file run.txt (compact mmCIF, C-alpha atoms)
# COMPACT_ATOMS: atom_id res chain seq x y z
CA MET A 1 0.00 0.00 0.00
CA LYS A 2 1.38 3.39 -1.01
CA LYS A 3 1.65 5.89 1.84
CA LEU A 4 -0.18 8.75 0.13
CA GLU A 5 -2.59 6.94 -2.17
CA GLY A 6 -5.26 9.35 -3.47
CA ASN A 7 -3.90 12.39 -1.64
CA LEU A 8 -3.38 15.81 -3.20
CA THR A 9 -0.07 17.59 -2.72
CA ILE A 10 0.68 21.15 -3.85
CA ILE A 11 4.35 21.84 -4.58
CA THR A 12 5.55 25.33 -5.45
CA GLY A 13 8.49 25.34 -7.85
CA GLY A 14 7.62 21.74 -8.72
CA GLY A 15 8.87 21.77 -12.30
CA LYS A 16 12.60 21.51 -11.65
CA GLY A 17 15.35 20.92 -9.11
CA ILE A 18 14.36 19.97 -5.59
CA GLY A 19 10.71 20.69 -6.41
CA PHE A 20 10.64 18.08 -9.16
CA GLY A 21 12.44 15.65 -6.87
CA LEU A 22 9.69 16.19 -4.30
CA ALA A 23 7.02 15.73 -6.96
CA THR A 24 8.59 12.43 -8.02
CA ALA A 25 8.78 11.11 -4.45
CA PHE A 26 5.16 12.04 -3.72
CA ALA A 27 3.87 10.67 -7.03
CA ARG A 28 5.70 7.41 -6.36
CA GLU A 29 3.70 7.12 -3.13
CA GLY A 30 0.40 7.61 -4.96
CA SER A 31 -0.26 11.31 -4.38
CA ASN A 32 -1.87 13.40 -7.08
CA LEU A 33 -0.14 16.74 -7.57
CA VAL A 34 -0.52 20.41 -8.29
CA ILE A 35 2.83 21.86 -9.35
CA THR A 36 3.41 25.57 -9.78
CA GLY A 37 6.12 27.72 -11.31
CA ARG A 38 6.63 30.51 -13.80
CA ASN A 39 7.47 28.46 -16.92
CA LEU A 40 4.45 26.68 -18.43
CA GLU A 41 6.50 24.57 -20.86
CA ARG A 42 8.67 23.24 -18.05
CA LEU A 43 5.66 22.53 -15.83
CA GLU A 44 3.80 20.70 -18.59
CA ALA A 45 6.84 18.56 -19.40
CA ALA A 46 7.23 17.69 -15.72
CA ALA A 47 3.53 16.87 -15.39
CA GLU A 48 3.59 14.60 -18.42
CA LYS A 49 6.62 12.71 -17.14
CA LEU A 50 5.14 12.25 -13.66
CA GLN A 51 1.76 11.10 -14.98
CA ASN A 52 3.25 8.62 -17.42
CA GLU A 53 5.70 7.14 -14.94
CA TRP A 54 3.60 7.00 -11.77
CA ASN A 55 -0.02 6.92 -13.01
CA VAL A 56 -1.14 9.90 -10.92
CA LYS A 57 -2.97 13.07 -11.92
CA VAL A 58 -0.82 16.21 -12.14
CA LEU A 59 -2.19 19.72 -12.63
CA PRO A 60 0.46 22.29 -13.71
CA ILE A 61 -0.40 25.91 -12.94
CA VAL A 62 1.67 28.96 -13.82
CA ALA A 63 1.74 31.14 -10.71
CA ASP A 64 4.06 33.54 -8.93
CA GLY A 65 3.68 33.25 -5.15
CA VAL A 66 4.28 37.00 -4.80
CA ASN A 67 0.88 37.54 -6.44
CA GLU A 68 -1.82 37.05 -3.81
CA ASP A 69 -4.58 36.58 -6.38
CA ALA A 70 -2.52 33.98 -8.24
CA VAL A 71 -2.09 32.01 -5.03
CA LYS A 72 -5.83 32.11 -4.34
CA LEU A 73 -6.42 30.78 -7.86
CA VAL A 74 -3.97 27.89 -7.34
CA ILE A 75 -5.68 26.82 -4.14
CA SER A 76 -9.20 27.11 -5.57
CA LYS A 77 -8.23 25.20 -8.75
CA ALA A 78 -6.55 22.51 -6.68
CA TYR A 79 -9.63 21.96 -4.53
CA ASP A 80 -12.10 22.25 -7.40
CA THR A 81 -10.14 19.67 -9.42
CA PHE A 82 -9.32 17.12 -6.73
CA GLY A 83 -11.85 17.81 -3.96
CA ARG A 84 -9.16 17.84 -1.27
CA ILE A 85 -5.77 19.25 -0.26
CA ASP A 86 -3.62 17.05 1.98
CA THR A 87 -0.14 18.57 1.80
CA LEU A 88 1.22 21.99 0.93
CA ILE A 89 4.95 22.26 0.20
CA ASN A 90 6.39 25.77 -0.07
CA ASN A 91 9.61 25.14 -1.96
CA ALA A 92 9.96 28.02 -4.45
CA GLN A 93 12.25 30.95 -3.60
CA VAL A 94 14.11 33.69 -5.46
CA SER A 95 17.00 35.72 -4.05
CA LYS A 96 20.19 37.63 -4.81
CA SER A 97 22.50 34.83 -3.69
CA GLY A 98 26.19 35.72 -3.65
CA LEU A 99 25.55 39.42 -3.04
CA SER A 100 27.08 40.75 0.17
CA LEU A 101 24.85 42.41 2.77
CA VAL A 102 26.22 45.92 2.19
CA ASP A 103 25.74 45.59 -1.57
CA HIS A 104 22.03 44.79 -1.25
CA SER A 105 19.52 47.41 -2.30
CA ARG A 106 16.01 47.64 -0.86
CA GLU A 107 14.76 46.12 -4.10
CA ASP A 108 17.23 43.20 -3.82
CA PHE A 109 16.06 42.46 -0.30
CA ASP A 110 12.41 42.66 -1.34
CA VAL A 111 12.98 39.94 -3.95
CA ALA A 112 13.79 37.40 -1.23
CA ILE A 113 11.22 38.57 1.30
CA LEU A 114 8.34 38.68 -1.17
CA SER A 115 9.07 35.34 -2.88
CA GLY A 116 9.89 33.71 0.46
CA ILE A 117 7.90 34.92 3.44
CA TYR A 118 4.97 36.49 1.62
CA ALA A 119 4.48 33.62 -0.83
CA THR A 120 4.64 31.09 2.00
CA PHE A 121 2.17 33.14 4.06
CA PHE A 122 -0.26 33.49 1.15
CA TYR A 123 -0.24 29.77 0.36
CA MET A 124 -0.58 28.74 3.99
CA ARG A 125 -3.44 31.12 4.70
CA GLU A 126 -5.43 30.13 1.62
CA ALA A 127 -4.84 26.38 2.04
CA PHE A 128 -5.65 26.21 5.74
CA PRO A 129 -9.43 25.59 5.50
CA TYR A 130 -8.82 22.61 3.21
CA LEU A 131 -5.91 21.26 5.24
CA LYS A 132 -8.14 21.44 8.32
CA GLU A 133 -10.76 19.46 6.43
CA SER A 134 -8.29 16.70 5.50
CA GLY A 135 -6.16 16.77 8.66
CA GLY A 136 -3.25 17.64 6.41
CA SER A 137 0.12 19.27 6.82
CA VAL A 138 2.47 21.97 5.57
CA ILE A 139 6.14 21.49 4.76
CA ASN A 140 8.05 24.74 4.37
CA PHE A 141 11.58 24.98 3.03
CA ALA A 142 14.22 26.96 4.88
CA SER A 143 18.00 26.75 4.59
CA GLY A 144 21.34 26.22 6.27
CA ALA A 145 22.11 29.71 4.98
CA GLY A 146 19.94 31.06 7.78
CA LEU A 147 20.79 28.44 10.39
CA PHE A 148 24.54 28.86 10.00
CA GLY A 149 25.00 32.40 8.63
CA LYS A 150 26.38 31.59 5.18
CA PRO A 151 28.20 34.55 3.59
CA GLY A 152 26.60 36.17 0.55
CA GLN A 153 23.13 34.98 1.62
CA SER A 154 21.80 37.81 3.81
CA SER A 155 18.41 38.39 2.16
CA TYR A 156 17.92 34.69 1.45
CA ALA A 157 18.81 33.77 5.03
CA ALA A 158 16.51 36.46 6.40
CA ALA A 159 13.61 35.18 4.33
CA LYS A 160 14.24 31.57 5.28
CA GLU A 161 14.50 32.32 9.01
CA GLY A 162 11.29 34.33 8.70
CA ILE A 163 9.64 31.26 7.19
CA ARG A 164 10.83 29.19 10.16
CA GLY A 165 9.30 31.66 12.61
CA LEU A 166 6.04 31.74 10.66
CA SER A 167 5.98 27.94 10.64
CA ARG A 168 6.43 27.62 14.40
CA VAL A 169 3.58 30.05 15.10
CA ALA A 170 1.33 28.23 12.62
CA ALA A 171 2.19 24.89 14.24
CA THR A 172 1.06 26.31 17.58
CA GLU A 173 -2.11 27.94 16.26
CA TRP A 174 -3.16 25.08 13.97
CA GLY A 175 -2.41 22.14 16.23
CA ALA A 176 -5.92 22.09 17.66
CA ALA A 177 -7.26 21.83 14.10
CA GLY A 178 -5.08 18.79 13.44
CA VAL A 179 -2.89 20.58 10.90
CA ARG A 180 0.85 20.02 11.26
CA VAL A 181 3.55 22.44 10.06
CA ASN A 182 7.20 21.48 9.71
CA VAL A 183 10.34 22.88 8.09
CA VAL A 184 13.05 21.21 6.01
CA CYS A 185 16.54 22.64 5.42
CA PRO A 186 18.07 20.70 2.50
CA LEU A 187 21.54 20.50 1.00
CA ALA A 188 20.77 18.87 -2.33
CA MET A 189 22.38 18.21 -5.69
CA THR A 190 20.45 20.13 -8.35
CA GLU A 191 21.01 21.07 -11.99
CA SER A 192 22.54 24.41 -11.02
CA LEU A 193 24.80 22.75 -8.46
CA LYS A 194 25.99 20.26 -11.08
CA SER A 195 26.97 23.19 -13.33
CA TRP A 196 28.77 24.82 -10.40
CA LYS A 197 30.62 21.56 -9.70
CA GLU A 198 31.84 21.41 -13.29
CA SER A 199 32.90 25.07 -13.30
CA TYR A 200 34.61 25.04 -9.89
CA PRO A 201 35.79 21.46 -9.19
CA GLU A 202 38.34 22.48 -6.55
CA LEU A 203 35.81 24.53 -4.60
CA TYR A 204 33.34 21.67 -4.90
CA GLU A 205 35.83 19.22 -3.41
CA LYS A 206 36.54 21.64 -0.56
CA THR A 207 32.81 21.94 0.12
CA ILE A 208 32.34 18.17 0.13
CA LYS A 209 35.02 17.80 2.80
CA ASP A 210 32.81 19.76 5.20
CA ILE A 211 29.96 17.25 4.76
CA PRO A 212 30.48 14.17 6.96
CA LEU A 213 28.52 11.91 4.59
CA GLY A 214 30.70 13.12 1.73
CA ARG A 215 27.97 14.04 -0.75
CA PHE A 216 24.99 16.28 -1.44
CA ALA A 217 21.48 14.94 -1.00
CA ASP A 218 19.51 13.40 -3.83
CA PRO A 219 16.29 15.43 -4.35
CA VAL A 220 14.14 12.31 -4.67
CA GLU A 221 15.67 9.69 -2.41
CA ASP A 222 16.96 11.93 0.39
CA ILE A 223 14.84 15.09 0.38
CA GLY A 224 11.69 13.68 -1.21
CA ARG A 225 11.44 10.59 0.98
CA ALA A 226 11.98 12.66 4.14
CA CYS A 227 9.13 14.95 3.10
CA VAL A 228 6.91 11.98 2.30
CA PHE A 229 7.52 10.83 5.87
CA LEU A 230 6.58 14.26 7.26
CA ALA A 231 3.40 14.28 5.17
CA SER A 232 2.39 10.74 6.14
CA LYS A 233 0.67 9.30 9.18
CA ASP A 234 4.08 8.05 10.32
CA ALA A 235 4.78 11.66 11.39
CA SER A 236 1.38 12.33 12.94
CA PHE A 237 2.94 13.58 16.21
CA ILE A 238 5.58 15.81 14.61
CA THR A 239 4.89 19.52 14.20
CA GLY A 240 6.77 22.79 14.61
CA GLU A 241 10.08 21.06 13.91
CA THR A 242 13.02 21.90 11.64
CA LEU A 243 14.60 18.89 9.93
CA THR A 244 18.13 19.61 8.70
CA LEU A 245 18.97 17.37 5.76
CA GLN A 246 22.58 18.49 5.54
CA GLY A 247 24.55 15.25 5.50
CA GLY A 248 25.94 16.04 8.94
CA SER A 249 27.29 19.48 8.01
CA GLY A 250 24.65 21.06 10.23
CA LEU A 251 25.58 19.21 13.42
CA ARG A 252 23.80 20.74 16.40
CA PRO A 253 23.66 19.81 20.11
call {"tool": "encode", "arguments": {"input": "run.txt", "output": "structure tokens"}}
result
Amino acid sequence: MKKLEGNLTIITGGGKGIGFGLATAFAREGSNLVITGRNLERLEAAAEKLQNEWNVKVLPIVADGVNEDAVKLVISKAYDTFGRIDTLINNAQVSKSGLSLVDHSREDFDVAILSGIYATFFYMREAFPYLKESGGSVINFASGAGLFGKPGQSSYAAAKEGIRGLSRVAATEWGAAGVRVNVVCPLAMTESLKSWKESYPELYEKTIKDIPLGRFADPVEDIGRACVFLASKDASFITGETLTLQGGSGLRP
């Protein structure tokens, strides 16, 4: 029996990278999907691949989480199409990574805050009535950039730590309704990271040395399966937590 048979999972940024890895892991466990992003061609290609391989229904929707009306449309379309919402995963994020704090403009900072905190807030608020109905859960994505103060990541880290705070408050407020809210901080191998590895092999090797397990996470097998666990009944008593999937590089007492 698949863990999420017949469920409906919404994944922002589900057409590529970690988001597509998440979509694959959830589809493999029987969950139907709504995947969002800003590139329709990419979303449609991802949806076709997921449907053909895992025999689930996938609805691709072009939406920018910064746009409150667009978020409302995603949630209403998801419920109208599938009649339920079981899991919301806020994965998408845009930021000026690599830009030092003093070189940030107000506009640069807004990019991260709007696509991070505001988008997560909009999706959570709009999805809550349906998550309450299903006894569902939210999985929000934060980052080691915020946990460990990574250089060149000030606006990104600020947005991600804001998402963690928002998640903890929601976990407290929504517990009585049976809705769980957790956070994942991944360190995963993506298409962009593969390009970086090829361009800067020495820096890549140096980075790997700081990871006790000696590798980056696989978006499907490492990140996706952990999120499937958090969304499943196996994690029914887990809420308000931050799960660091960092291969040991985020060791904490």
call {"tool": "closest_atom_pairs", "arguments": {"input": "run.txt", "of": "stretch 16-120 of chain A", "to": "stretch 136-157 of chain A", "cutoff": "7 Å", "atoms": "all atoms listed in the file", "output": "CSV"}}
result
residue,atom,partner,partner_atom,distance
A:Asp86,CA,A:Gly136,CA,4.5
A:Thr87,CA,A:Ser137,CA,5.1
A:Leu88,CA,A:Val138,CA,4.8
A:Ile89,CA,A:Ile139,CA,4.8
A:Asn90,CA,A:Asn140,CA,4.9
A:Asn91,CA,A:Phe141,CA,5.4
A:Ser95,CA,A:Tyr156,CA,5.7
A:Ser97,CA,A:Gln153,CA,5.3
A:Gly98,CA,A:Gly152,CA,4.2
A:Leu99,CA,A:Gly152,CA,5.0
A:Ser100,CA,A:Gly152,CA,4.6
A:Leu101,CA,A:Ser154,CA,5.6
A:Phe109,CA,A:Ser155,CA,5.3
A:Ala112,CA,A:Tyr156,CA,5.6
call {"tool": "closest_residue", "arguments": {"input": "run.txt", "among": "A:Gly175, A:Gly37, A:Gly116, A:Pro212", "to": "A:Gly135", "atoms": "only C-alpha atoms"}}
result
A:Gly175
call {"tool": "atom_distance", "arguments": {"input": "run.txt", "atom1": "atom CA of A:Val56", "atom2": "atom CA of A:Ala25"}}
result
11.9 Å
call {"tool": "closest_residue", "arguments": {"input": "run.txt", "among": "A:Leu245, A:Ala47, A:Ala78, A:Ile163", "to": "A:Glu126", "atoms": "only C-alpha atoms"}}
result
A:Ala78
call {"tool": "closest_residue", "arguments": {"input": "run.txt", "among": "A:Leu203, A:Ser167, A:Ala188, A:Gly13", "to": "A:Ile223", "atoms": "all atoms listed in the file"}}
result
A:Ala188
call {"tool": "closest_residue", "arguments": {"input": "run.txt", "among": "A:Glu191, A:Glu107, A:Glu41, A:Glu5", "to": "A:Gly21", "atoms": "only C-alpha atoms"}}
result
A:Glu191
call {"tool": "residues_around", "arguments": {"input": "run.txt", "residues": "A:Asp222", "least_positions_apart": "2", "cutoff": "12 Å", "atoms": "all atoms listed in the file", "output": "list in words"}}
result
Ile18, Gly21, Leu22, Thr24, Ala25, Val184, Cys185, Pro186, Leu187, Ala188, Met189, Arg215, Phe216, Ala217, Asp218, Pro219, Val220, Gly224, Arg225, Ala226, Cys227, Val228, Phe229, Thr244, Leu245, Gln246 and Gly247 of chain A
call {"tool": "residues_around", "arguments": {"input": "run.txt", "residues": "A:Arg38", "least_positions_apart": "5", "cutoff": "12 Å", "atoms": "all atoms listed in the file", "output": "number ranges by chain"}}
result
A: 12-16, 43-44, 60-67, 70, 92-94
call {"tool": "closest_residue", "arguments": {"input": "run.txt", "among": "A:Gly30, A:Lys72, A:Ala231, A:Val183", "to": "A:Ala170", "atoms": "all atoms listed in the file"}}
result
A:Val183
call {"tool": "atom_distance", "arguments": {"input": "run.txt", "atom1": "atom CA of A:Asp69", "atom2": "atom CA of A:Ile10"}}
result
16.5 Å
call {"tool": "atom_distance", "arguments": {"input": "run.txt", "atom1": "atom CA of A:Ala235", "atom2": "atom CA of A:Glu161"}}
result
23.0 Å
call {"tool": "closest_residue", "arguments": {"input": "run.txt", "among": "A:Ser192, A:Lys197, A:Ala171, A:Gly250", "to": "A:Phe237", "atoms": "all atoms listed in the file"}}
result
A:Ala171
call {"tool": "residues_near_point", "arguments": {"input": "run.txt", "point": "(-1.7, 33.1, 5.4)", "cutoff": "12 Å", "atoms": "only C-alpha atoms", "output": "PyMOL selection string"}}
result
chain A and resi 65+68+71-72+117-129+138+163+166-167+169-170+174
call {"tool": "decode", "arguments": {"input": "run.txt", "residues": "stretch 18-48 of chain A", "atoms": "N, CA and C atoms", "output": "PDB file, in the first residue's frame"}}
result
ATOM      1  N   ILE A  18      14.891  20.649  -6.764  1.00  0.00           N
ATOM      2  CA  ILE A  18      14.358  19.965  -5.589  1.00  0.00           C
ATOM      3  C   ILE A  18      12.851  19.787  -5.715  1.00  0.00           C
ATOM      4  N   GLY A  19      12.163  20.770  -6.268  1.00  0.00           N
ATOM      5  CA  GLY A  19      10.714  20.685  -6.409  1.00  0.00           C
ATOM      6  C   GLY A  19      10.278  19.494  -7.239  1.00  0.00           C
ATOM      7  N   PHE A  20      10.978  19.237  -8.330  1.00  0.00           N
ATOM      8  CA  PHE A  20      10.637  18.079  -9.161  1.00  0.00           C
ATOM      9  C   PHE A  20      11.003  16.779  -8.446  1.00  0.00           C
ATOM     10  N   GLY A  21      12.089  16.812  -7.678  1.00  0.00           N
ATOM     11  CA  GLY A  21      12.437  15.647  -6.869  1.00  0.00           C
ATOM     12  C   GLY A  21      11.342  15.330  -5.866  1.00  0.00           C
ATOM     13  N   LEU A  22      10.812  16.367  -5.226  1.00  0.00           N
ATOM     14  CA  LEU A  22       9.694  16.191  -4.297  1.00  0.00           C
ATOM     15  C   LEU A  22       8.480  15.618  -5.018  1.00  0.00           C
ATOM     16  N   ALA A  23       8.164  16.192  -6.182  1.00  0.00           N
ATOM     17  CA  ALA A  23       7.016  15.729  -6.956  1.00  0.00           C
ATOM     18  C   ALA A  23       7.154  14.250  -7.308  1.00  0.00           C
ATOM     19  N   THR A  24       8.343  13.833  -7.672  1.00  0.00           N
ATOM     20  CA  THR A  24       8.594  12.432  -8.017  1.00  0.00           C
ATOM     21  C   THR A  24       8.374  11.525  -6.814  1.00  0.00           C
ATOM     22  N   ALA A  25       8.921  11.923  -5.664  1.00  0.00           N
ATOM     23  CA  ALA A  25       8.781  11.113  -4.446  1.00  0.00           C
ATOM     24  C   ALA A  25       7.327  10.989  -4.020  1.00  0.00           C
ATOM     25  N   PHE A  26       6.562  12.070  -4.128  1.00  0.00           N
ATOM     26  CA  PHE A  26       5.157  12.039  -3.722  1.00  0.00           C
ATOM     27  C   PHE A  26       4.312  11.264  -4.725  1.00  0.00           C
ATOM     28  N   ALA A  27       4.605  11.429  -6.010  1.00  0.00           N
ATOM     29  CA  ALA A  27       3.870  10.673  -7.031  1.00  0.00           C
ATOM     30  C   ALA A  27       4.118   9.175  -6.872  1.00  0.00           C
ATOM     31  N   ARG A  28       5.335   8.810  -6.556  1.00  0.00           N
ATOM     32  CA  ARG A  28       5.701   7.407  -6.362  1.00  0.00           C
ATOM     33  C   ARG A  28       4.906   6.771  -5.225  1.00  0.00           C
ATOM     34  N   GLU A  29       4.495   7.609  -4.255  1.00  0.00           N
ATOM     35  CA  GLU A  29       3.703   7.118  -3.129  1.00  0.00           C
ATOM     36  C   GLU A  29       2.194   7.285  -3.351  1.00  0.00           C
ATOM     37  N   GLY A  30       1.808   7.610  -4.604  1.00  0.00           N
ATOM     38  CA  GLY A  30       0.402   7.615  -4.960  1.00  0.00           C
ATOM     39  C   GLY A  30      -0.318   8.941  -4.855  1.00  0.00           C
ATOM     40  N   SER A  31       0.394  10.011  -4.528  1.00  0.00           N
ATOM     41  CA  SER A  31      -0.262  11.310  -4.378  1.00  0.00           C
ATOM     42  C   SER A  31      -0.458  11.991  -5.722  1.00  0.00           C
ATOM     43  N   ASN A  32      -1.660  12.500  -5.957  1.00  0.00           N
ATOM     44  CA  ASN A  32      -1.873  13.404  -7.076  1.00  0.00           C
ATOM     45  C   ASN A  32      -1.203  14.734  -6.743  1.00  0.00           C
ATOM     46  N   LEU A  33      -0.968  15.545  -7.770  1.00  0.00           N
ATOM     47  CA  LEU A  33      -0.141  16.735  -7.571  1.00  0.00           C
ATOM     48  C   LEU A  33      -0.703  17.970  -8.258  1.00  0.00           C
ATOM     49  N   VAL A  34      -0.459  19.107  -7.625  1.00  0.00           N
ATOM     50  CA  VAL A  34      -0.517  20.407  -8.290  1.00  0.00           C
ATOM     51  C   VAL A  34       0.885  20.979  -8.198  1.00  0.00           C
ATOM     52  N   ILE A  35       1.495  21.269  -9.346  1.00  0.00           N
ATOM     53  CA  ILE A  35       2.833  21.855  -9.352  1.00  0.00           C
ATOM     54  C   ILE A  35       2.759  23.250  -9.949  1.00  0.00           C
ATOM     55  N   THR A  36       3.435  24.193  -9.302  1.00  0.00           N
ATOM     56  CA  THR A  36       3.413  25.568  -9.778  1.00  0.00           C
ATOM     57  C   THR A  36       4.817  26.041 -10.138  1.00  0.00           C
ATOM     58  N   GLY A  37       4.862  27.115 -10.899  1.00  0.00           N
ATOM     59  CA  GLY A  37       6.122  27.722 -11.313  1.00  0.00           C
ATOM     60  C   GLY A  37       5.808  28.835 -12.283  1.00  0.00           C
ATOM     61  N   ARG A  38       6.849  29.377 -12.906  1.00  0.00           N
ATOM     62  CA  ARG A  38       6.635  30.511 -13.802  1.00  0.00           C
ATOM     63  C   ARG A  38       6.845  30.164 -15.273  1.00  0.00           C
ATOM     64  N   ASN A  39       7.205  28.892 -15.548  1.00  0.00           N
ATOM     65  CA  ASN A  39       7.473  28.460 -16.920  1.00  0.00           C
ATOM     66  C   ASN A  39       6.500  27.340 -17.285  1.00  0.00           C
ATOM     67  N   LEU A  40       5.497  27.654 -18.100  1.00  0.00           N
ATOM     68  CA  LEU A  40       4.455  26.679 -18.434  1.00  0.00           C
ATOM     69  C   LEU A  40       5.025  25.473 -19.163  1.00  0.00           C
ATOM     70  N   GLU A  41       5.925  25.685 -20.099  1.00  0.00           N
ATOM     71  CA  GLU A  41       6.495  24.573 -20.859  1.00  0.00           C
ATOM     72  C   GLU A  41       7.204  23.581 -19.944  1.00  0.00           C
ATOM     73  N   ARG A  42       7.965  24.108 -18.994  1.00  0.00           N
ATOM     74  CA  ARG A  42       8.671  23.236 -18.051  1.00  0.00           C
ATOM     75  C   ARG A  42       7.686  22.474 -17.170  1.00  0.00           C
ATOM     76  N   LEU A  43       6.660  23.168 -16.684  1.00  0.00           N
ATOM     77  CA  LEU A  43       5.660  22.532 -15.833  1.00  0.00           C
ATOM     78  C   LEU A  43       4.910  21.433 -16.578  1.00  0.00           C
ATOM     79  N   GLU A  44       4.541  21.692 -17.809  1.00  0.00           N
ATOM     80  CA  GLU A  44       3.802  20.700 -18.593  1.00  0.00           C
ATOM     81  C   GLU A  44       4.652  19.474 -18.883  1.00  0.00           C
ATOM     82  N   ALA A  45       5.935  19.687 -19.159  1.00  0.00           N
ATOM     83  CA  ALA A  45       6.841  18.555 -19.399  1.00  0.00           C
ATOM     84  C   ALA A  45       6.998  17.718 -18.136  1.00  0.00           C
ATOM     85  N   ALA A  46       7.114  18.395 -16.990  1.00  0.00           N
ATOM     86  CA  ALA A  46       7.234  17.688 -15.716  1.00  0.00           C
ATOM     87  C   ALA A  46       5.959  16.906 -15.414  1.00  0.00           C
ATOM     88  N   ALA A  47       4.814  17.528 -15.649  1.00  0.00           N
ATOM     89  CA  ALA A  47       3.527  16.874 -15.387  1.00  0.00           C
ATOM     90  C   ALA A  47       3.360  15.630 -16.250  1.00  0.00           C
ATOM     91  N   GLU A  48       3.712  15.740 -17.518  1.00  0.00           N
ATOM     92  CA  GLU A  48       3.590  14.597 -18.422  1.00  0.00           C
ATOM     93  C   GLU A  48       4.477  13.430 -17.980  1.00  0.00           C
TER      94      GLU A  48
END
